[in-house]
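Participant: My file is upload08.cif. It has mmCIF, C-alpha atoms and all ligand atoms:
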```cif
data_run
#
loop_
_atom_site.label_atom_id
_atom_site.label_comp_id
_atom_site.auth_asym_id
_atom_site.auth_seq_id
_atom_site.Cartn_x
_atom_site.Cartn_y
_atom_site.Cartn_z
CA MET A 1 7.81 250.92 182.75
CA GLN A 2 7.87 248.49 185.70
CA GLU A 3 10.88 246.24 186.29
CA PRO A 4 10.05 242.65 185.09
CA ALA A 5 10.53 241.25 188.63
CA ALA A 6 8.10 243.88 189.95
CA VAL A 7 5.53 242.89 187.33
CA LEU A 8 5.98 239.23 188.27
CA ARG A 9 5.64 240.08 191.97
CA GLN A 10 2.35 241.85 191.20
CA TRP A 11 1.02 238.95 189.08
CA ILE A 12 1.83 236.52 191.90
CA ALA A 13 0.35 238.80 194.60
CA GLU A 14 -2.89 239.13 192.62
CA SER A 15 -3.36 235.48 191.70
CA GLY A 16 -4.96 232.53 193.44
CA ASN A 17 -4.29 230.15 190.57
CA ILE A 18 -0.61 229.92 189.74
CA VAL A 19 0.97 226.89 188.03
CA PHE A 20 4.71 226.31 187.80
CA PHE A 21 6.39 224.45 184.94
CA GLY A 22 10.09 223.76 185.47
CA GLY A 23 13.19 221.95 184.27
CA ALA A 24 16.76 221.18 185.21
CA GLY A 25 17.64 224.86 185.57
CA VAL A 26 15.53 224.96 188.75
CA SER A 27 17.98 222.54 190.43
CA THR A 28 21.33 223.97 189.26
CA GLU A 29 21.40 226.29 192.30
CA SER A 30 21.15 223.11 194.38
CA GLY A 31 24.33 221.80 192.75
CA ILE A 32 22.71 219.56 190.14
CA PRO A 33 24.03 220.33 186.62
CA ASP A 34 21.43 220.75 183.92
CA PHE A 35 21.64 219.03 180.55
CA ARG A 36 22.18 221.57 177.78
CA SER A 37 24.01 224.50 179.37
CA VAL A 38 27.73 224.79 178.66
CA ASP A 39 28.53 222.84 181.84
CA GLY A 40 25.54 220.55 181.39
CA LEU A 41 25.53 216.78 181.29
CA TYR A 42 25.04 216.62 177.53
CA ARG A 43 28.10 218.82 176.91
CA GLN A 44 30.50 216.36 178.58
CA THR A 45 32.24 213.64 176.50
CA TRP A 46 30.89 210.13 176.83
CA SER A 47 31.34 206.74 175.14
CA HIS A 48 27.83 207.27 173.71
CA PRO A 49 25.69 210.44 173.59
CA PRO A 50 23.85 210.79 176.95
CA GLU A 51 20.52 210.80 175.12
CA VAL A 52 21.51 207.31 173.91
CA MET A 53 22.70 206.15 177.33
CA LEU A 54 19.40 207.33 178.86
CA SER A 55 17.32 205.49 176.29
CA HIS A 56 15.18 202.37 176.67
CA THR A 57 17.26 200.56 174.04
CA PHE A 58 20.50 201.27 175.90
CA PHE A 59 18.92 200.11 179.17
CA GLU A 60 18.00 196.83 177.46
CA THR A 61 21.23 196.28 175.49
CA HIS A 62 23.91 197.86 177.75
CA THR A 63 22.30 197.35 181.13
CA GLU A 64 25.51 197.34 183.20
CA GLU A 65 26.77 200.54 181.50
CA PHE A 66 23.33 202.15 181.90
CA PHE A 67 23.41 201.67 185.69
CA ASP A 68 27.00 202.89 185.88
CA PHE A 69 26.08 206.13 184.05
CA TYR A 70 22.81 206.52 185.97
CA ARG A 71 24.43 206.15 189.41
CA ARG A 72 27.34 208.48 188.53
CA LYS A 73 25.45 211.22 186.75
CA LEU A 74 21.80 211.27 187.78
CA LEU A 75 21.92 210.75 191.56
CA PHE A 76 22.57 213.71 193.89
CA PRO A 77 21.66 212.44 197.39
CA ASP A 78 23.24 215.50 199.05
CA ALA A 79 21.35 218.09 196.99
CA ARG A 80 18.95 220.29 198.96
CA PRO A 81 16.05 222.51 197.86
CA ASN A 82 17.02 226.08 196.91
CA ALA A 83 15.13 229.38 197.19
CA ALA A 84 13.04 228.59 194.12
CA HIS A 85 11.79 225.25 195.49
CA LEU A 86 11.11 226.80 198.90
CA ARG A 87 9.17 229.81 197.58
CA LEU A 88 6.99 227.59 195.37
CA ALA A 89 6.14 225.37 198.36
CA GLU A 90 5.24 228.50 200.34
CA LEU A 91 2.94 229.75 197.55
CA GLU A 92 1.20 226.34 197.58
CA ARG A 93 0.76 226.55 201.37
CA GLU A 94 -0.78 230.01 200.89
CA GLY A 95 -3.31 228.34 198.57
CA ARG A 96 -2.16 230.37 195.57
CA LEU A 97 -0.06 227.84 193.66
CA ARG A 98 -2.12 224.90 192.39
CA ALA A 99 0.56 222.61 190.89
CA VAL A 100 4.24 222.19 190.20
CA VAL A 101 4.76 220.48 186.83
CA THR A 102 8.38 219.40 186.59
CA GLN A 103 10.64 217.60 184.13
CA ASN A 104 13.08 216.98 186.98
CA ILE A 105 13.53 213.60 188.64
CA ASP A 106 15.38 214.81 191.78
CA GLY A 107 12.43 215.14 194.17
CA LEU A 108 13.61 218.55 195.44
CA HIS A 109 10.16 220.14 195.11
CA GLN A 110 8.72 217.53 197.48
CA GLN A 111 11.73 217.94 199.80
CA ALA A 112 10.93 221.67 199.92
CA GLY A 113 7.35 220.86 201.00
CA SER A 114 5.43 221.03 197.70
CA ARG A 115 2.60 218.48 197.69
CA ASN A 116 1.01 218.64 194.25
CA VAL A 117 4.08 217.84 192.14
CA LEU A 118 3.50 216.35 188.70
CA GLU A 119 6.73 214.60 187.70
CA LEU A 120 6.51 214.28 183.91
CA HIS A 121 9.78 212.32 183.72
CA GLY A 122 9.42 210.29 186.92
CA SER A 123 11.71 210.20 189.93
CA VAL A 124 15.01 208.68 191.08
CA HIS A 125 13.28 208.05 194.42
CA ARG A 126 11.06 205.29 192.99
CA ALA A 127 11.98 201.95 191.38
CA TYR A 128 10.18 198.90 190.02
CA CYS A 129 10.91 195.53 188.43
CA ALA A 130 11.03 195.77 184.63
CA ALA A 131 9.73 192.17 184.41
CA CYS A 132 7.01 191.73 187.06
CA GLY A 133 6.33 195.42 187.82
CA ARG A 134 6.74 195.00 191.59
CA ALA A 135 7.70 198.26 193.37
CA HIS A 136 11.13 198.35 195.01
CA PRO A 137 12.82 200.97 197.23
CA ALA A 138 15.11 203.23 195.17
CA SER A 139 17.95 202.13 197.49
CA ALA A 140 17.88 198.77 195.66
CA ILE A 141 19.48 200.72 192.80
CA ASN A 142 21.02 203.80 194.35
CA ALA A 143 22.83 202.08 197.23
CA GLY A 144 24.01 199.08 195.20
CA THR A 145 26.39 198.27 192.36
CA GLY A 146 25.95 196.33 189.13
CA VAL A 147 22.53 195.32 187.80
CA PRO A 148 19.93 195.11 190.64
CA ARG A 149 17.65 192.08 190.43
CA CYS A 150 14.13 191.39 191.66
CA ALA A 151 13.26 188.07 193.35
CA CYS A 152 11.58 187.14 190.07
CA GLY A 153 14.91 187.55 188.28
CA GLY A 154 13.88 190.73 186.48
CA VAL A 155 15.96 193.94 186.47
CA ILE A 156 14.98 196.58 189.04
CA ARG A 157 14.86 199.89 187.16
CA PRO A 158 14.36 203.53 188.19
CA ASP A 159 10.86 204.98 187.75
CA VAL A 160 12.32 207.50 185.30
CA VAL A 161 11.02 208.09 181.77
CA LEU A 162 13.86 207.08 179.46
CA TYR A 163 14.16 208.24 175.88
CA GLU A 164 11.85 206.14 173.64
CA GLU A 165 9.44 205.68 176.57
CA ALA A 166 6.01 207.24 177.00
CA LEU A 167 5.11 209.66 179.79
CA ASP A 168 2.53 208.55 182.34
CA ASP A 169 -0.93 209.35 180.92
CA ASP A 170 -2.48 210.32 184.25
CA THR A 171 0.39 212.68 185.11
CA VAL A 172 0.18 214.35 181.70
CA GLU A 173 -3.62 214.67 181.96
CA ARG A 174 -3.34 216.33 185.38
CA ALA A 175 -0.63 218.67 184.11
CA VAL A 176 -2.72 219.67 181.08
CA ARG A 177 -5.77 220.38 183.27
CA ALA A 178 -3.74 222.50 185.69
CA ILE A 179 -2.08 224.51 182.89
CA GLU A 180 -5.38 225.00 181.03
CA ALA A 181 -7.00 226.43 184.16
CA ALA A 182 -4.02 228.51 185.31
CA GLU A 183 -4.30 232.26 185.64
CA VAL A 184 -0.52 232.73 185.91
CA LEU A 185 1.90 230.21 184.37
CA LEU A 186 5.49 230.43 185.64
CA VAL A 187 7.91 228.61 183.34
CA ALA A 188 11.49 228.38 184.58
CA GLY A 189 14.84 226.64 184.20
CA THR A 190 14.05 224.79 181.02
CA SER A 191 15.31 225.01 177.45
CA LEU A 192 11.86 223.77 176.31
CA ALA A 193 13.74 221.53 173.88
CA VAL A 194 12.15 218.20 174.81
CA PHE A 195 8.67 217.09 173.79
CA PRO A 196 5.99 216.21 174.68
CA ALA A 197 6.83 218.06 177.94
CA ALA A 198 7.52 221.44 176.31
CA GLY A 199 4.34 221.16 174.25
CA LEU A 200 2.21 221.35 177.41
CA LEU A 201 2.75 225.11 177.40
CA ASN A 202 0.39 225.33 174.41
CA TYR A 203 -2.54 224.44 176.69
CA TYR A 204 -2.16 227.70 178.63
CA ARG A 205 -4.99 230.12 177.81
CA GLY A 206 -4.16 233.12 179.95
CA ARG A 207 -2.14 236.26 179.31
CA ARG A 208 0.29 235.97 182.21
CA LEU A 209 2.96 233.51 181.03
CA ALA A 210 6.26 234.40 182.71
CA LEU A 211 9.42 232.73 181.36
CA ILE A 212 12.38 232.84 183.76
CA ASN A 213 15.43 231.27 182.14
CA LEU A 214 19.15 232.11 181.98
CA SER A 215 19.26 231.53 178.24
CA GLU A 216 16.81 232.33 175.46
CA THR A 217 14.27 229.69 174.45
CA ALA A 218 12.10 229.18 171.38
CA TYR A 219 9.12 230.24 173.53
CA ASP A 220 10.48 233.65 174.56
CA HIS A 221 8.35 235.37 171.89
CA GLN A 222 5.21 233.64 173.22
CA ALA A 223 5.76 234.70 176.83
CA ASP A 224 4.05 237.74 178.31
CA LEU A 225 7.08 238.36 180.53
CA VAL A 226 10.69 237.17 180.02
CA ILE A 227 13.37 237.33 182.70
CA HIS A 228 16.87 236.06 181.83
CA GLU A 229 18.07 235.68 185.40
CA LYS A 230 18.58 232.91 187.98
CA ILE A 231 15.24 231.47 189.09
CA GLY A 232 16.43 231.23 192.71
CA GLU A 233 17.25 234.94 192.76
CA VAL A 234 13.98 235.90 191.05
CA MET A 235 11.85 233.81 193.39
CA LYS A 236 13.45 235.52 196.40
CA GLN A 237 12.01 238.79 195.04
CA VAL A 238 8.43 237.63 194.52
N1 LIG B 301 17.97 229.87 186.66
C1 LIG B 301 17.29 229.98 185.48
N2 LIG B 301 17.58 229.23 184.40
C2 LIG B 301 18.60 228.36 184.51
C3 LIG B 301 19.37 228.20 185.69
C4 LIG B 301 19.01 229.02 186.79
N3 LIG B 301 19.67 228.95 187.97
N4 LIG B 301 20.33 227.25 185.47
C5 LIG B 301 20.16 226.83 184.20
N5 LIG B 301 19.14 227.50 183.61
C6 LIG B 301 18.56 227.28 182.28
C7 LIG B 301 19.56 227.03 181.19
O1 LIG B 301 19.90 228.24 180.55
C8 LIG B 301 18.79 226.09 180.25
O2 LIG B 301 18.13 226.81 179.21
O3 LIG B 301 17.80 226.10 182.41
C9 LIG B 301 17.72 225.46 181.14
C10 LIG B 301 17.93 223.97 181.34
O4 LIG B 301 17.69 223.36 180.09
P1 LIG B 301 18.08 221.83 179.90
O5 LIG B 301 19.46 221.59 180.41
O6 LIG B 301 17.75 221.48 178.47
O7 LIG B 301 17.11 221.05 180.89
P2 LIG B 301 15.58 220.72 180.65
O8 LIG B 301 14.90 221.78 179.84
O9 LIG B 301 14.98 220.41 181.96
O10 LIG B 301 15.65 219.36 179.78
C11 LIG B 301 14.42 218.72 179.53
O11 LIG B 301 15.67 216.87 178.65
O12 LIG B 301 17.24 215.20 178.68
C12 LIG B 301 15.95 215.52 178.97
O13 LIG B 301 14.75 214.32 180.57
C13 LIG B 301 15.69 215.34 180.43
O14 LIG B 301 14.02 216.47 181.75
C14 LIG B 301 15.10 216.68 180.86
C15 LIG B 301 14.64 217.25 179.54
#
```
Before anything else, please render the file you have as structure tokens.

Facilitator:
Amino acid sequence: MQEPAAVLRQWIAESGNIVFFGGAGVSTESGIPDFRSVDGLYRQTWSHPPEVMLSHTFFETHTEEFFDFYRRKLLFPDARPNAAHLRLAELEREGRLRAVVTQNIDGLHQQAGSRNVLELHGSVHRAYCAACGRAHPASAINAGTGVPRCACGGVIRPDVVLYEEALDDDTVERAVRAIEAAEVLLVAGTSLAVFPAAGLLNYYRGRRLALINLSETAYDHQADLVIHEKIGEVMKQV
């Protein structure tokens, strides 16, 4: 019986059509806490539950507090790509990885050199005016204090999908097409607890779904290979 990492190494070596689907657990080895692990953002005590503070309603009704929480807890300007990000970018350069589908908003895949990155939940590196829609540099939010304003008077907001908001249709469509066509689907660093993102896995039609996650997920039984280890360590071996 082959070691799971050896099986994964073989799947990756044999495939020219790999798709990666990841979550916050891909960035914890870069120093960015995830959400639902014991030391995750959602396990800390807040005035309101973080899922509330990261909602569209809270952004509208508690705008000052929203930006305070956002700047303190969602921005990690010093974070750098880790071994997982770097190996995925290398697989793309080798023409064997077709897309990175991520729930993360930290931009570390692009920093590592990945080019086809489908950001289901947006990015802290983009911002726009909630009133007139004009694009603004993320520094208008990240480098400032208080509620950033557009020349039109509207609030400049991060291009991040908040709770109660829809995902970008084009991004979802591209992610579905990539997953449907994938020969190998690598799923890593995600509790698969948030929909519609987690539901995209159901579009995969192959028999090489590898799930690399420190904790168990509801999809473990559906995976063809399960590895409960650190994604950075695993990706160093494949
Ligand atoms: N290697 C592998 N798995 C890891 C690692 C690691 N180094 N570090 C953490 N994990 C696992 C944890 O065990 C956990 O199951 O990653 C998973 C992270 O799960 P969540 O914290 O729920 O993050 P995620 O799945 O990305 O959350 C989805 O929820 O709040 C929303 O928009 C937010 O995009 C986020 C979405």

Participant: Kindly give the distance, in Å, that separates CA of Ile105 in chain A and CA of Ser191 in chain A, rounded to a single decimal.

Facilitator: 16.1 Å

Participant: What is the CA of Ala24 in chain A to CA of Thr190 in chain A distance in Å?

Facilitator: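 According to the coordinates, CA of Ala24 in chain A and CA of Thr190 in chain A are separated by 6.2 Å.
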
Participant: Considering only C-alpha atoms, return as a PyMOL selection string whatever protein or nucleic-acid residues lie within 10 Å of Tyr70 in chain A, sequence-local ones (same chain, fewer than 3 positions apart) excluded.

Facilitator: chain A and resi 53-54+64-67+73-75+124+141-142+158

Participant: Hey, which residues sit close to ligand LIG 301 (chain B)? Say within 7 Å, counting all atoms listed in the file, and write them as a short mmCIF file (atom, residue, chain, number, x, y, z; two decimals) with C-alpha atoms, in the frame of the given file.

Facilitator:
```cif
data_model
loop_
_atom_site.label_atom_id
_atom_site.label_comp_id
_atom_site.auth_asym_id
_atom_site.auth_seq_id
_atom_site.Cartn_x
_atom_site.Cartn_y
_atom_site.Cartn_z
CA GLY A 22 10.09 223.76 185.47
CA GLY A 23 13.19 221.95 184.27
CA ALA A 24 16.76 221.18 185.21
CA GLY A 25 17.64 224.86 185.57
CA VAL A 26 15.53 224.96 188.75
CA THR A 28 21.33 223.97 189.26
CA GLU A 29 21.40 226.29 192.30
CA ASP A 34 21.43 220.75 183.92
CA PHE A 35 21.64 219.03 180.55
CA ARG A 36 22.18 221.57 177.78
CA SER A 37 24.01 224.50 179.37
CA GLY A 40 25.54 220.55 181.39
CA GLU A 51 20.52 210.80 175.12
CA GLN A 103 10.64 217.60 184.13
CA ASN A 104 13.08 216.98 186.98
CA HIS A 121 9.78 212.32 183.72
CA ALA A 188 11.49 228.38 184.58
CA GLY A 189 14.84 226.64 184.20
CA THR A 190 14.05 224.79 181.02
CA SER A 191 15.31 225.01 177.45
CA LEU A 192 11.86 223.77 176.31
CA ALA A 193 13.74 221.53 173.88
CA VAL A 194 12.15 218.20 174.81
CA ILE A 212 12.38 232.84 183.76
CA ASN A 213 15.43 231.27 182.14
CA LEU A 214 19.15 232.11 181.98
CA SER A 215 19.26 231.53 178.24
CA GLU A 216 16.81 232.33 175.46
CA THR A 217 14.27 229.69 174.45
CA GLU A 229 18.07 235.68 185.40
CA LYS A 230 18.58 232.91 187.98
CA ILE A 231 15.24 231.47 189.09
CA GLY A 232 16.43 231.23 192.71
#
```

Participant: Rank nothing, just name the residue among A:Ala135, A:Val187, A:Ser47, A:Ala143 nearest to His62 in chain A, using all atoms listed in the file.

Facilitator: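 Selected residue with least distance to His62 in chain A: A:Ser47.
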
Participant: Rounded to one decimal, what separation in Å do you get between CA of Asn82 in chain A and CA of Ala6 in chain A?

Facilitator: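 These atoms are spaced 21.1 Å apart.
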
Participant: What's the 9 Å shell around Pro196 in chain A, counting only C-alpha atoms, without same-chain residues fewer than 3 positions away, as number ranges by chain?

Facilitator: A: 167, 199-200

Participant: Place a sphere of radius 9 Å on (-11.5, 229.5, 189.3) in the file coordinates and name every protein, DNA or RNA residue with an atom inside or on its surface, counting all atoms listed in the file; give the answer as a PyMOL selection string.

Facilitator: chain A and resi 16-17+181-183

Participant: Mind dumping the selected residues with C-alpha atoms as a JSON list (two decimals), in the coordinates of the input?

Facilitator:
```
[["chain", "number", "residue", "atom", "x", "y", "z"],
["A", 16, "GLY", "CA", -4.96, 232.53, 193.44],
["A", 17, "ASN", "CA", -4.29, 230.15, 190.57],
["A", 181, "ALA", "CA", -7.00, 226.43, 184.16],
["A", 182, "ALA", "CA", -4.02, 228.51, 185.31],
["A", 183, "GLU", "CA", -4.30, 232.26, 185.64]]
```

Participant: Range 169-175 of chain A: which residues within 10 Å, counting only C-alpha atoms, same-chain residues fewer than 5 positions away excluded, as a ChimeraX atom specification?

Facilitator: /A:19,21,99-102,117-122,180,196-197,200-201,203

Participant: Please write as a list in words the list of polymer residues whose atoms come within 9 Å of (3.7, 224.7, 203.0), counting all atoms listed in the file and keeping to the coordinates of the file.

Facilitator: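 Selection result: Leu86, Leu88, Ala89, Glu90, Leu91, Glu92, Arg93, Glu94, Ala112, Gly113, Ser114 and Arg115 of chain A.
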
Participant: For Arg87 in chain A, which of A:Val226, A:Met235, A:Val184, A:Leu8 is the closest residue, counting only C-alpha atoms?

Facilitator: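 That would be A:Met235, the residue with the smallest distance to Arg87 in chain A.
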
Participant: Measuring atom to atom with all atoms listed in the file, identify which of A:Glu164, A:Asp106, A:Glu233, A:Glu60 is nearest to Asp78 in chain A.

Facilitator: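 That would be A:Asp106, the residue with the smallest distance to Asp78 in chain A.
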
Participant: Which residues are near Ile156 in chain A? Cut-off 7 Å, all atoms listed in the file, ignore same chain within fewer than 5 positions. Put them as a PyMOL selection string.

Facilitator: chain A and resi 127-130+148-150

Participant: Those residues you just picked out, can you put them in a file as a compact mmCIF listing (two decimals), in the frame of the given file with C-alpha atoms?

Facilitator:
```txt
# COMPACT_ATOMS: atom_id res chain seq x y z
CA ALA A 127 11.98 201.95 191.38
CA TYR A 128 10.18 198.90 190.02
CA CYS A 129 10.91 195.53 188.43
CA ALA A 130 11.03 195.77 184.63
CA PRO A 148 19.93 195.11 190.64
CA ARG A 149 17.65 192.08 190.43
CA CYS A 150 14.13 191.39 191.66
```

Participant: Under the rule that all atoms listed in the file are counted, which of A:Arg43, A:His125, A:His48, A:Arg9 is the nearest residue to Val234 in chain A?

Facilitator: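 Going through A:Arg43, A:His125, A:His48, A:Arg9 one by one, the smallest distance to Val234 in chain A is for A:Arg9.
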
Participant: Between A:Ser27, A:Asn202, A:Gln10, A:Asn116, single out the one closest to Ala223 in chain A, counting only C-alpha atoms.

Facilitator: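 Residue with the minimum atom-to-atom distance to Ala223 in chain A: A:Asn202.
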
Participant: Identify which of the residues A:Val38, A:Tyr163, A:Ala13, A:Pro4 lies closest to Val52 in chain A, counting all atoms listed in the file when measuring atom-to-atom distances.

Facilitator: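 Looking only at the distances to Val52 in chain A, the closest residue turns out to be A:Tyr163.
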
Participant: Extract, using all atoms listed in the file, all DNA, RNA and protein residues at most 12 Å from Val7 in chain A, discarding same-chain residues fewer than 6 positions from it, and format them as number ranges by chain.

Facilitator: A: 1, 13-14, 184, 208-210, 224-227, 234, 237-238

Participant: Next, dump the selected residues to file, keeping only C-alpha atoms, as an mmCIF file, in the coordinates of the input.

Facilitator:
```
data_model
loop_
_atom_site.group_PDB
_atom_site.id
_atom_site.type_symbol
_atom_site.label_atom_id
_atom_site.label_comp_id
_atom_site.auth_asym_id
_atom_site.auth_seq_id
_atom_site.Cartn_x
_atom_site.Cartn_y
_atom_site.Cartn_z
ATOM 1 C CA MET A 1 7.810 250.920 182.750
ATOM 2 C CA ALA A 13 0.350 238.800 194.600
ATOM 3 C CA GLU A 14 -2.890 239.130 192.620
ATOM 4 C CA VAL A 184 -0.520 232.730 185.910
ATOM 5 C CA ARG A 208 0.290 235.970 182.210
ATOM 6 C CA LEU A 209 2.960 233.510 181.030
ATOM 7 C CA ALA A 210 6.260 234.400 182.710
ATOM 8 C CA ASP A 224 4.050 237.740 178.310
ATOM 9 C CA LEU A 225 7.080 238.360 180.530
ATOM 10 C CA VAL A 226 10.690 237.170 180.020
ATOM 11 C CA ILE A 227 13.370 237.330 182.700
ATOM 12 C CA VAL A 234 13.980 235.900 191.050
ATOM 13 C CA GLN A 237 12.010 238.790 195.040
ATOM 14 C CA VAL A 238 8.430 237.630 194.520
#
```
